[in-house]
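**Q** What follows is input_11.txt, made up of compact mmCIF, C-alpha atoms:
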```txt
# COMPACT_ATOMS: atom_id res chain seq x y z
CA MET A 1 92.78 -71.40 -205.01
CA SER A 2 91.17 -71.39 -201.55
CA ARG A 3 91.31 -68.52 -199.07
CA CYS A 4 94.46 -67.95 -197.06
CA LEU A 5 94.75 -69.54 -193.65
CA ARG A 6 94.14 -67.63 -190.47
CA ASP A 7 96.92 -67.15 -187.90
CA ARG A 8 95.15 -69.51 -185.57
CA THR A 9 95.15 -72.25 -188.19
CA LEU A 10 98.80 -71.64 -188.97
CA LEU A 11 99.60 -72.06 -185.31
CA LEU A 12 97.59 -75.28 -185.17
CA LEU A 13 99.52 -76.58 -188.17
CA TYR A 14 102.79 -75.58 -186.52
CA TYR A 15 102.02 -77.83 -183.57
CA GLY A 16 100.97 -80.73 -185.76
CA GLY A 17 97.25 -80.06 -185.81
CA GLY A 18 94.94 -79.00 -188.63
CA THR A 19 93.27 -80.93 -191.38
CA LYS A 20 94.87 -82.44 -194.45
CA ALA A 21 93.32 -79.79 -196.66
CA LYS A 22 94.92 -77.01 -194.62
CA GLN A 23 98.29 -78.72 -194.80
CA THR A 24 97.93 -79.01 -198.54
CA HIS A 25 97.01 -75.36 -198.79
CA LEU A 26 100.13 -74.44 -196.86
CA THR A 27 102.32 -76.19 -199.40
CA GLU A 28 100.52 -74.55 -202.33
CA CYS A 29 99.97 -70.98 -201.12
CA GLU A 30 103.12 -68.89 -201.14
CA THR A 31 101.63 -66.18 -198.89
CA CYS A 32 100.65 -68.68 -196.24
CA ALA A 33 104.03 -70.39 -196.49
CA ILE A 34 105.75 -67.05 -195.85
CA ARG A 35 103.48 -66.37 -192.89
CA TYR A 36 104.15 -69.86 -191.58
CA ARG A 37 107.91 -69.30 -191.74
CA GLN A 38 107.48 -65.94 -190.01
CA LEU A 39 105.57 -67.69 -187.26
CA GLY A 40 108.44 -70.11 -186.79
CA ARG A 41 110.93 -67.23 -186.66
CA ASP A 42 108.82 -65.36 -184.09
CA LEU A 43 108.62 -68.36 -181.83
CA GLU A 44 112.32 -68.97 -182.21
CA SER A 45 113.17 -65.37 -181.31
CA ILE A 46 110.92 -65.58 -178.26
CA SER A 47 112.59 -68.80 -177.21
CA GLN A 48 115.98 -67.25 -177.76
CA VAL A 49 115.16 -64.31 -175.51
CA LEU A 50 113.93 -66.66 -172.82
CA ARG A 51 116.92 -68.97 -173.25
CA GLU A 52 119.75 -66.48 -173.50
CA LYS A 53 118.74 -63.16 -172.07
CA PRO A 54 118.68 -62.86 -168.33
CA ALA A 55 115.27 -62.31 -166.87
CA PRO A 56 114.86 -58.66 -166.01
CA GLN A 57 115.58 -58.63 -162.33
CA THR A 58 113.13 -56.76 -160.26
CA VAL A 59 114.40 -53.90 -158.18
CA SER A 60 112.40 -54.79 -155.12
CA HIS A 61 111.65 -58.45 -155.63
CA ARG A 62 111.69 -59.02 -151.88
CA SER A 63 109.40 -56.15 -151.10
CA ARG A 64 105.84 -56.97 -150.36
CA PRO A 65 102.90 -54.99 -151.71
CA ALA A 66 101.91 -51.90 -149.74
CA PHE A 67 98.84 -53.47 -148.16
CA ALA A 68 100.89 -56.46 -146.99
CA ARG A 69 103.49 -54.16 -145.45
CA TRP A 70 100.97 -52.06 -143.54
CA LEU A 71 98.58 -54.85 -142.63
CA PRO A 72 100.32 -56.00 -139.39
CA ALA A 73 100.89 -52.43 -138.20
CA SER A 74 97.28 -51.46 -138.87
CA ALA A 75 96.00 -54.57 -137.13
CA ALA A 76 98.18 -53.90 -134.08
CA LEU A 77 97.05 -50.27 -133.91
CA ALA A 78 93.40 -51.25 -134.20
CA LEU A 79 93.84 -53.84 -131.46
CA ALA A 80 95.54 -51.36 -129.17
CA LEU A 81 92.76 -48.82 -129.68
CA LEU A 82 90.17 -51.47 -129.01
CA LEU A 83 91.93 -52.49 -125.78
CA VAL A 84 92.14 -48.88 -124.61
CA TRP A 85 88.46 -48.35 -125.32
CA VAL A 86 87.43 -51.56 -123.54
CA SER A 87 89.57 -50.78 -120.49
CA VAL A 88 88.15 -47.25 -120.29
CA ARG A 89 84.66 -48.67 -120.47
CA MET A 90 85.40 -51.27 -117.81
CA TRP A 91 87.09 -49.00 -115.27
CA ASN A 92 84.81 -46.03 -115.74
CA PRO A 93 81.24 -47.35 -115.37
CA SER A 94 79.86 -43.84 -114.79
CA ALA A 95 80.52 -42.98 -118.39
CA ARG A 96 77.11 -42.24 -119.76
CA PRO A 97 76.06 -43.23 -123.22
CA PRO A 98 75.13 -40.34 -125.46
CA VAL A 99 71.46 -39.54 -125.87
CA ARG A 100 70.25 -40.56 -129.29
CA GLY A 101 69.45 -37.72 -131.62
CA THR A 102 71.02 -35.03 -129.48
CA ASN A 103 74.32 -33.79 -128.39
CA ASN A 104 75.49 -35.29 -125.12
CA GLY A 105 76.49 -31.92 -123.62
CA GLU A 106 73.20 -30.44 -124.71
CA ALA A 107 71.30 -33.13 -122.85
CA TRP A 108 73.23 -32.55 -119.65
CA SER A 109 72.84 -28.78 -119.77
CA LEU A 110 69.10 -29.36 -120.21
CA MET A 111 69.14 -31.45 -117.06
CA ASP A 112 70.98 -28.69 -115.21
CA GLU A 113 68.43 -26.14 -116.29
CA PHE A 114 65.60 -28.31 -115.07
CA PRO A 115 63.87 -25.92 -112.66
CA SER A 116 64.40 -26.78 -109.07
CA SER A 117 61.19 -24.86 -108.48
CA LEU A 118 59.31 -27.82 -109.86
CA PHE A 119 60.18 -29.69 -106.69
CA LEU A 120 58.90 -26.76 -104.65
CA LEU A 121 55.73 -26.84 -106.71
CA ASN A 122 55.32 -30.51 -106.02
CA GLU A 123 55.67 -29.95 -102.27
CA ALA A 124 53.19 -27.09 -102.40
CA ILE A 125 50.61 -29.19 -104.18
CA ILE A 126 51.04 -32.06 -101.78
CA GLY A 127 50.69 -29.71 -98.83
CA ASP A 128 47.52 -28.23 -100.21
CA LEU A 129 46.05 -31.44 -101.52
CA GLY A 130 43.30 -31.63 -98.96
CA THR A 131 41.72 -28.22 -99.57
CA GLY A 132 41.05 -28.51 -103.32
CA SER A 133 40.97 -24.75 -103.61
CA ALA A 134 42.55 -22.61 -106.29
CA ARG A 135 45.13 -21.47 -103.78
CA SER A 136 47.50 -24.21 -104.67
CA TYR A 137 47.35 -23.19 -108.32
CA ASN A 138 48.06 -19.60 -107.40
CA LEU A 139 50.98 -20.76 -105.40
CA ALA A 140 52.16 -22.92 -108.27
CA ALA A 141 51.94 -20.03 -110.67
CA ALA A 142 53.86 -17.82 -108.32
CA VAL A 143 56.56 -20.42 -107.90
CA LEU A 144 56.83 -20.97 -111.65
CA GLU A 145 56.88 -17.27 -112.21
CA ALA A 146 60.04 -17.01 -110.22
CA ASP A 147 61.86 -19.07 -112.84
CA ARG A 148 60.00 -18.18 -116.00
CA PRO A 149 59.38 -14.59 -116.97
CA CYS A 150 56.38 -13.63 -119.04
CA GLU A 151 58.28 -13.67 -122.32
CA TRP A 152 57.62 -17.34 -122.12
CA TYR A 153 54.26 -16.65 -123.72
CA ASP A 154 55.03 -15.37 -127.16
CA LEU A 155 51.68 -13.83 -127.96
CA PRO A 156 52.41 -12.72 -131.54
CA ALA A 157 53.66 -16.18 -132.33
CA MET A 158 50.44 -17.60 -130.97
CA GLY A 159 48.50 -15.26 -133.25
CA MET A 160 47.09 -13.35 -130.27
CA THR A 161 47.07 -9.75 -129.21
CA GLU A 162 46.44 -8.14 -125.88
CA SER A 163 42.91 -7.26 -126.94
CA SER A 164 42.09 -10.82 -127.99
CA ILE A 165 43.03 -11.95 -124.51
CA GLU A 166 40.73 -9.35 -123.08
CA ASP A 167 37.97 -10.53 -125.45
CA SER A 168 38.42 -14.02 -124.25
CA GLY A 169 37.04 -12.97 -120.87
CA ILE A 170 40.16 -13.16 -118.84
CA SER A 171 40.18 -10.22 -116.54
CA GLU A 172 43.08 -8.46 -114.95
CA THR A 173 41.94 -9.81 -111.65
CA THR A 174 42.73 -13.31 -112.70
CA PRO A 175 44.67 -14.61 -109.73
CA PHE A 176 47.86 -15.24 -111.65
CA ALA A 177 50.57 -12.93 -110.64
CA THR A 178 51.82 -11.63 -113.97
CA CYS A 179 51.37 -14.46 -116.44
CA ILE A 180 48.21 -15.69 -117.99
CA GLU A 181 47.43 -19.29 -118.32
CA VAL A 182 45.27 -19.91 -121.33
CA ASN A 183 43.24 -23.05 -121.32
CA PRO A 184 43.32 -24.18 -124.95
CA VAL A 185 40.30 -26.40 -124.52
CA ALA A 186 37.95 -24.00 -122.90
CA ILE A 187 38.82 -20.89 -124.88
CA THR A 188 39.11 -20.79 -128.64
CA LEU A 189 40.96 -17.77 -129.87
CA LYS A 190 40.65 -16.48 -133.38
CA PRO A 191 43.54 -14.58 -134.84
CA LYS A 192 42.85 -11.13 -136.12
CA ALA A 193 42.14 -10.76 -139.78
CA MET Q 194 128.32 -91.16 -162.86
CA SER Q 195 129.23 -89.35 -159.64
CA TYR Q 196 127.06 -86.80 -157.91
CA GLU Q 197 129.56 -84.05 -158.68
CA ALA Q 198 129.50 -84.89 -162.36
CA LEU Q 199 125.72 -84.93 -162.33
CA TYR Q 200 125.66 -81.55 -160.61
CA ALA Q 201 128.12 -80.08 -163.09
CA ALA Q 202 126.20 -81.44 -166.06
CA HIS Q 203 122.70 -80.41 -165.07
CA HIS Q 204 122.81 -77.61 -162.51
CA GLY Q 205 122.77 -74.89 -165.15
CA GLU Q 206 119.83 -76.39 -166.94
CA VAL Q 207 117.83 -76.87 -163.74
CA LEU Q 208 118.58 -73.32 -162.63
CA ARG Q 209 117.47 -71.89 -165.97
CA LEU Q 210 114.28 -73.90 -165.91
CA CYS Q 211 113.47 -72.74 -162.38
CA ARG Q 212 114.29 -69.17 -163.30
CA LEU Q 213 111.92 -69.34 -166.24
CA LEU Q 214 109.13 -70.96 -164.28
CA LEU Q 215 109.42 -68.66 -161.27
CA ALA Q 216 110.71 -65.53 -163.01
CA ASN Q 217 112.84 -64.83 -159.99
CA HIS Q 218 116.53 -65.56 -159.74
CA HIS Q 219 116.73 -65.91 -155.95
CA ASP Q 220 113.78 -68.28 -155.75
CA ALA Q 221 115.19 -70.24 -158.68
CA GLU Q 222 118.49 -70.72 -156.85
CA GLU Q 223 116.70 -71.91 -153.74
CA ILE Q 224 114.62 -74.39 -155.72
CA ALA Q 225 117.66 -75.64 -157.63
CA GLN Q 226 119.38 -76.30 -154.31
CA GLU Q 227 116.34 -78.22 -153.11
CA VAL Q 228 116.29 -80.24 -156.31
CA PHE Q 229 119.94 -81.22 -155.99
CA LEU Q 230 119.42 -82.12 -152.36
CA LYS Q 231 116.78 -84.57 -153.57
CA VAL Q 232 119.21 -85.78 -156.22
CA TYR Q 233 121.76 -86.43 -153.50
CA GLN Q 234 119.27 -88.37 -151.39
CA GLN Q 235 118.17 -90.35 -154.45
CA PHE Q 236 121.81 -90.95 -155.32
CA GLN Q 237 122.52 -92.48 -151.92
CA ASN Q 238 119.43 -94.68 -151.91
CA MET Q 239 119.80 -96.10 -155.41
CA ASN Q 240 121.74 -99.14 -156.45
CA GLN Q 241 125.10 -98.14 -157.95
CA ASN Q 242 124.63 -100.49 -160.87
CA GLU Q 243 121.23 -99.09 -161.66
CA LEU Q 244 121.07 -96.93 -164.75
CA MET Q 245 118.90 -93.90 -164.43
CA MET Q 246 117.73 -91.33 -166.93
CA TRP Q 247 118.62 -88.35 -164.78
CA ARG Q 248 117.64 -85.58 -167.11
CA PRO Q 249 113.86 -86.30 -167.37
CA TRP Q 250 113.80 -87.07 -163.65
CA LEU Q 251 115.51 -83.77 -162.84
CA ILE Q 252 113.12 -81.85 -165.07
CA ARG Q 253 110.09 -83.49 -163.48
CA VAL Q 254 111.34 -82.81 -159.93
CA SER Q 255 112.22 -79.21 -160.80
CA VAL Q 256 108.85 -78.51 -162.40
CA ASN Q 257 107.05 -79.94 -159.37
CA ALA Q 258 109.20 -77.97 -156.93
CA CYS Q 259 108.53 -74.73 -158.82
CA ARG Q 260 104.83 -75.50 -158.87
CA ASP Q 261 104.87 -76.05 -155.10
CA ARG Q 262 106.65 -72.76 -154.59
CA ARG Q 263 104.17 -70.89 -156.75
CA ARG Q 264 101.27 -72.42 -154.86
CA SER Q 265 102.49 -71.26 -151.48
CA GLY Q 266 100.33 -68.34 -150.40
CA TRP Q 267 103.16 -66.28 -148.97
CA TRP Q 268 105.05 -66.46 -152.23
CA LYS Q 269 102.21 -64.66 -153.97
CA LEU Q 270 102.11 -62.00 -151.30
CA TRP Q 271 105.85 -61.67 -151.24
CA ARG Q 272 106.12 -61.15 -154.96
CA GLY Q 273 104.48 -57.79 -155.08
CA ALA Q 274 102.74 -56.41 -158.10
CA ASN Q 275 104.58 -53.12 -157.76
CA GLU Q 276 107.84 -54.40 -159.07
CA GLU Q 277 109.94 -52.47 -161.47
CA TYR Q 278 112.20 -53.91 -164.07
CA GLN Q 279 115.89 -53.25 -164.01
CA GLU Q 280 117.82 -52.50 -167.12
CA ALA Q 281 119.55 -55.37 -168.83
CA LYS Q 282 122.94 -55.98 -167.31
CA PHE Q 283 124.85 -57.05 -170.39
CA PRO Q 284 124.06 -54.77 -173.32
CA ASN Q 285 125.39 -55.77 -176.71
CA PRO Q 286 128.22 -53.32 -177.53
CA SER Q 287 127.81 -53.72 -181.28
CA SER Q 288 124.27 -52.37 -181.34
CA THR Q 289 123.39 -48.74 -181.91
CA PRO Q 290 121.65 -46.96 -179.05
CA GLU Q 291 118.33 -47.09 -180.93
CA GLU Q 292 118.63 -50.79 -181.61
CA LEU Q 293 119.59 -51.32 -178.03
CA VAL Q 294 116.50 -49.52 -176.76
CA LEU Q 295 114.28 -51.41 -179.17
CA SER Q 296 115.73 -54.78 -178.32
CA ARG Q 297 115.52 -54.05 -174.62
CA GLU Q 298 111.93 -53.02 -175.01
CA THR Q 299 111.14 -56.17 -176.98
CA GLU Q 300 112.83 -58.37 -174.40
CA ARG Q 301 110.95 -56.69 -171.63
CA ARG Q 302 107.67 -57.19 -173.41
CA ILE Q 303 108.44 -60.83 -174.09
CA TRP Q 304 109.29 -61.44 -170.43
CA ARG Q 305 106.24 -59.61 -169.26
CA ALA Q 306 104.01 -61.57 -171.62
CA PHE Q 307 105.71 -64.79 -170.61
CA GLU Q 308 105.05 -64.09 -166.94
CA LYS Q 309 101.39 -63.65 -167.71
CA LEU Q 310 101.08 -67.19 -169.05
CA SER Q 311 99.49 -69.76 -166.82
CA ALA Q 312 101.82 -72.06 -164.92
CA ARG Q 313 101.10 -75.00 -167.18
CA GLN Q 314 101.46 -72.97 -170.38
CA ARG Q 315 104.79 -71.72 -169.14
CA GLU Q 316 106.04 -75.19 -168.27
CA VAL Q 317 105.00 -76.62 -171.61
CA PHE Q 318 106.41 -73.72 -173.62
CA VAL Q 319 109.76 -73.77 -171.84
CA LEU Q 320 110.18 -77.52 -172.07
CA HIS Q 321 109.28 -77.64 -175.76
CA HIS Q 322 110.69 -74.41 -177.17
CA VAL Q 323 113.53 -73.53 -174.80
CA ASP Q 324 114.76 -76.94 -173.65
CA GLY Q 325 113.90 -78.64 -176.92
CA TRP Q 326 111.90 -81.61 -175.67
CA SER Q 327 109.43 -83.12 -178.12
CA ILE Q 328 105.70 -82.82 -177.49
CA ASP Q 329 105.51 -86.50 -176.55
CA GLU Q 330 108.39 -86.18 -174.09
CA VAL Q 331 106.84 -83.10 -172.51
CA ALA Q 332 103.56 -84.96 -172.14
CA GLU Q 333 105.32 -87.87 -170.48
CA MET Q 334 107.35 -85.67 -168.12
CA LEU Q 335 104.38 -83.63 -167.00
CA GLY Q 336 102.02 -86.61 -166.94
CA ILE Q 337 99.45 -85.10 -169.28
CA ALA Q 338 98.05 -86.05 -172.69
CA THR Q 339 99.79 -85.06 -175.91
CA GLY Q 340 96.67 -83.20 -177.00
CA SER Q 341 96.78 -81.16 -173.83
CA VAL Q 342 100.41 -80.27 -174.46
CA LYS Q 343 99.51 -79.06 -177.95
CA ARG Q 344 96.62 -77.05 -176.60
CA TYR Q 345 98.80 -75.36 -173.97
CA LEU Q 346 101.47 -74.68 -176.56
CA PHE Q 347 98.94 -73.22 -178.95
CA ARG Q 348 97.55 -70.83 -176.33
CA ALA Q 349 100.96 -69.81 -175.04
CA ALA Q 350 102.32 -69.17 -178.52
CA ARG Q 351 99.26 -67.21 -179.55
CA HIS Q 352 99.58 -64.98 -176.48
CA LEU Q 353 103.30 -64.41 -176.95
CA ARG Q 354 102.96 -63.74 -180.66
CA ARG Q 355 100.25 -61.20 -180.00
CA ILE Q 356 102.76 -59.30 -177.91
CA LEU Q 357 105.28 -59.35 -180.74
CA GLY Q 358 102.53 -58.37 -183.17
CA ASP Q 359 101.76 -55.28 -181.08
CA ARG Q 360 105.37 -54.26 -181.31
CA GLN Q 361 105.41 -54.37 -185.12
```
If you took the structure in this file and wrote it as structure tokens, what would it be?

**A**
Amino acid sequence: MSRCLRDRTLLLLYYGGGTKAKQTHLTECETCAIRYRQLGRDLESISQVLREKPAPQTVSHRSRPAFARWLPASAALALALLLVWVSVRMWNPSARPPVRGTNNGEAWSLMDEFPSSLFLLNEAIIGDLGTGSARSYNLAAAVLEADRPCEWYDLPAMGMTESSIEDSGISETTPFATCIEVNPVAITLKPKA
Amino acid sequence: MSYEALYAAHHGEVLRLCRLLLANHHDAEEIAQEVFLKVYQQFQNMNQNELMMWRPWLIRVSVNACRDRRRSGWWKLWRGANEEYQEAKFPNPSSTPEELVLSRETERRIWRAFEKLSARQREVFVLHHVDGWSIDEVAEMLGIATGSVKRYLFRAARHLRRILGDRQ
């Protein structure tokens, strides 16, 4: 006796397919014959449900999926926002684009802090251009000094002390009012060990 | 045969077929109305002495109309995936509550599995198993080969049986 038929083969036989040998097996094997009859009953019960029982009505068969319901509203809102933005841009040309890498407000406060003394300095230099003397530099230092106190030079952070400045040959009579301008090229300062 | 007699004889069958193919009662009613409008037009145009096999013609027109409805893009959108099933409206009073729950559950599973069949599998299964047409007749009505009908039937039946198998 050959092996029993698979479900797939039984189904093929049910719809008139399968080989002659399989059909013969079906008539000889009691187990397969029972399974074949069960298959027929299953299909008949399925057909009966489809034929006689009403299809389960859906509660909200006319309702669209959530994304379909919200799609028009979202599109309208996005369009309205876009129109508002475009109109603001068109009617307010003074709107400045933000500076890349910084906060917009930060950039403008920086501009406000820009020392007006620099313009004074510029005028002083132009006025003294012909002489070439150190007077203009003194004047420049004095003008700058008005805006920038000496804390500007953070000596400990630069690895310098008061004595190292003295060692560097800069005397107290250096014609800078209170601040010291250190020329990084001319003077090499070594931090204390 | 008058139009009224034709309507009375076949409207129920057409409605059931549309309901099975669309799985929606309201759409099925609409399509059945469309089909009988076509019947009416055909009825007026044809020669009164002409004999016509109305039943296969009605089935073919209904299947095509349902297919057109399913293909329409809005229909897919309209029929949301978030639908819930209602309870059966006509419970069998002779059943015990347990049997009732089980049979309801089985019916629901069968319907759900049936709705997952492809359009062609559904058409073929309904015409052969529910309406009782032979495989050759189904092939002729749908305009496909007999082998194709068997293949669709095989796949549909295997899918539906798997659902029943899970239940057991």

**Q** Excluding same-chain residues fewer than 5 positions from Glu227 in chain Q, what lies within 9 Å of it counting all atoms listed in the file, as an mmCIF file with C-alpha atoms, in the frame of the given file?

**A**
```cif
data_model
loop_
_atom_site.group_PDB
_atom_site.id
_atom_site.type_symbol
_atom_site.label_atom_id
_atom_site.label_comp_id
_atom_site.auth_asym_id
_atom_site.auth_seq_id
_atom_site.Cartn_x
_atom_site.Cartn_y
_atom_site.Cartn_z
ATOM 1 C CA GLU Q 222 118.490 -70.720 -156.850
ATOM 2 C CA VAL Q 232 119.210 -85.780 -156.220
ATOM 3 C CA SER Q 255 112.220 -79.210 -160.800
ATOM 4 C CA ALA Q 258 109.200 -77.970 -156.930
#
```

**Q** Find the residues near range 310-326 of chain Q: any atom within 10 Å, counting all atoms listed in the file, skip ones fewer than 4 places away on the same chain, and give them as a PyMOL selection string.

**A** (chain A and resi 43-44+46-52) or (chain Q and resi 206+209-211+213-215+249+252+256+259-260+263+305-306+330-332+334-335+341-350+352-353)

**Q** Using only C-alpha atoms, which residue out of A:Asn92, A:Ser74, A:Gln23, A:Thr9 lies closest to chain Q?

**A**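 Nearest to chain Q: A:Thr9.
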
**Q** Taking all atoms listed in the file into account, which of Q:Lys309, Q:Lys231, Q:Arg354, Q:His204 comes nearest chain A?

**A** Q:Arg354

**Q** So how far away is CA of Leu251 in chain Q from CA of Val207 in chain Q, in Å?

**A**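 It comes out at 7.3 Å.
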
**Q** Could you check how far CA of Val228 in chain Q sits from CA of Glu197 in chain Q, in Å to one decimal?

**A**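 Interatomic distance here is 14.0 Å.
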
**Q** In Å, with one decimal, what is the gap from CA of Phe229 in chain Q to CA of Leu199 in chain Q?

**A** 9.3 Å

**Q** With distances taken over only C-alpha atoms, which of Q:Glu223, Q:Ile356, Q:Gln237, Q:Met246 is nearest to Ser195 in chain Q?

**A**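 Using only C-alpha atoms, Ser195 in chain Q sits closest to Q:Gln237.
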
**Q** Since the input is missing atoms for range 319-334 of chain Q, could you rebuild it with N, CA and C atoms and give the result as a PDB file, in the frame of the given file?

**A**
```
ATOM      1  N   VAL Q 319     108.320 -73.719-172.148  1.00  0.00           N
ATOM      2  CA  VAL Q 319     109.760 -73.770-171.840  1.00  0.00           C
ATOM      3  C   VAL Q 319     110.334 -75.137-172.204  1.00  0.00           C
ATOM      4  N   LEU Q 320     109.643 -76.184-171.802  1.00  0.00           N
ATOM      5  CA  LEU Q 320     110.180 -77.520-172.070  1.00  0.00           C
ATOM      6  C   LEU Q 320     110.278 -77.792-173.570  1.00  0.00           C
ATOM      7  N   HIS Q 321     109.277 -77.346-174.322  1.00  0.00           N
ATOM      8  CA  HIS Q 321     109.280 -77.640-175.760  1.00  0.00           C
ATOM      9  C   HIS Q 321     110.174 -76.677-176.540  1.00  0.00           C
ATOM     10  N   HIS Q 322     109.990 -75.386-176.332  1.00  0.00           N
ATOM     11  CA  HIS Q 322     110.690 -74.410-177.170  1.00  0.00           C
ATOM     12  C   HIS Q 322     112.081 -74.058-176.651  1.00  0.00           C
ATOM     13  N   VAL Q 323     112.235 -73.966-175.343  1.00  0.00           N
ATOM     14  CA  VAL Q 323     113.530 -73.530-174.800  1.00  0.00           C
ATOM     15  C   VAL Q 323     114.453 -74.720-174.575  1.00  0.00           C
ATOM     16  N   ASP Q 324     113.923 -75.776-173.934  1.00  0.00           N
ATOM     17  CA  ASP Q 324     114.760 -76.940-173.650  1.00  0.00           C
ATOM     18  C   ASP Q 324     114.796 -77.946-174.803  1.00  0.00           C
ATOM     19  N   GLY Q 325     113.867 -77.818-175.722  1.00  0.00           N
ATOM     20  CA  GLY Q 325     113.900 -78.640-176.920  1.00  0.00           C
ATOM     21  C   GLY Q 325     113.348 -80.050-176.779  1.00  0.00           C
ATOM     22  N   TRP Q 326     112.531 -80.295-175.789  1.00  0.00           N
ATOM     23  CA  TRP Q 326     111.900 -81.610-175.670  1.00  0.00           C
ATOM     24  C   TRP Q 326     110.776 -81.706-176.698  1.00  0.00           C
ATOM     25  N   SER Q 327     110.540 -82.934-177.176  1.00  0.00           N
ATOM     26  CA  SER Q 327     109.430 -83.120-178.120  1.00  0.00           C
ATOM     27  C   SER Q 327     108.098 -83.058-177.367  1.00  0.00           C
ATOM     28  N   ILE Q 328     107.021 -82.918-178.124  1.00  0.00           N
ATOM     29  CA  ILE Q 328     105.700 -82.820-177.490  1.00  0.00           C
ATOM     30  C   ILE Q 328     105.394 -84.091-176.697  1.00  0.00           C
ATOM     31  N   ASP Q 329     105.761 -85.241-177.251  1.00  0.00           N
ATOM     32  CA  ASP Q 329     105.510 -86.500-176.550  1.00  0.00           C
ATOM     33  C   ASP Q 329     106.308 -86.584-175.244  1.00  0.00           C
ATOM     34  N   GLU Q 330     107.549 -86.140-175.302  1.00  0.00           N
ATOM     35  CA  GLU Q 330     108.390 -86.180-174.090  1.00  0.00           C
ATOM     36  C   GLU Q 330     107.852 -85.238-173.011  1.00  0.00           C
ATOM     37  N   VAL Q 331     107.411 -84.067-173.469  1.00  0.00           N
ATOM     38  CA  VAL Q 331     106.840 -83.100-172.510  1.00  0.00           C
ATOM     39  C   VAL Q 331     105.607 -83.709-171.848  1.00  0.00           C
ATOM     40  N   ALA Q 332     104.782 -84.341-172.672  1.00  0.00           N
ATOM     41  CA  ALA Q 332     103.560 -84.960-172.140  1.00  0.00           C
ATOM     42  C   ALA Q 332     103.913 -86.027-171.101  1.00  0.00           C
ATOM     43  N   GLU Q 333     104.926 -86.798-171.395  1.00  0.00           N
ATOM     44  CA  GLU Q 333     105.320 -87.870-170.480  1.00  0.00           C
ATOM     45  C   GLU Q 333     105.902 -87.299-169.176  1.00  0.00           C
ATOM     46  N   MET Q 334     106.727 -86.268-169.309  1.00  0.00           N
ATOM     47  CA  MET Q 334     107.350 -85.670-168.120  1.00  0.00           C
ATOM     48  C   MET Q 334     106.331 -85.015-167.211  1.00  0.00           C
TER      49      MET Q 334
END
```
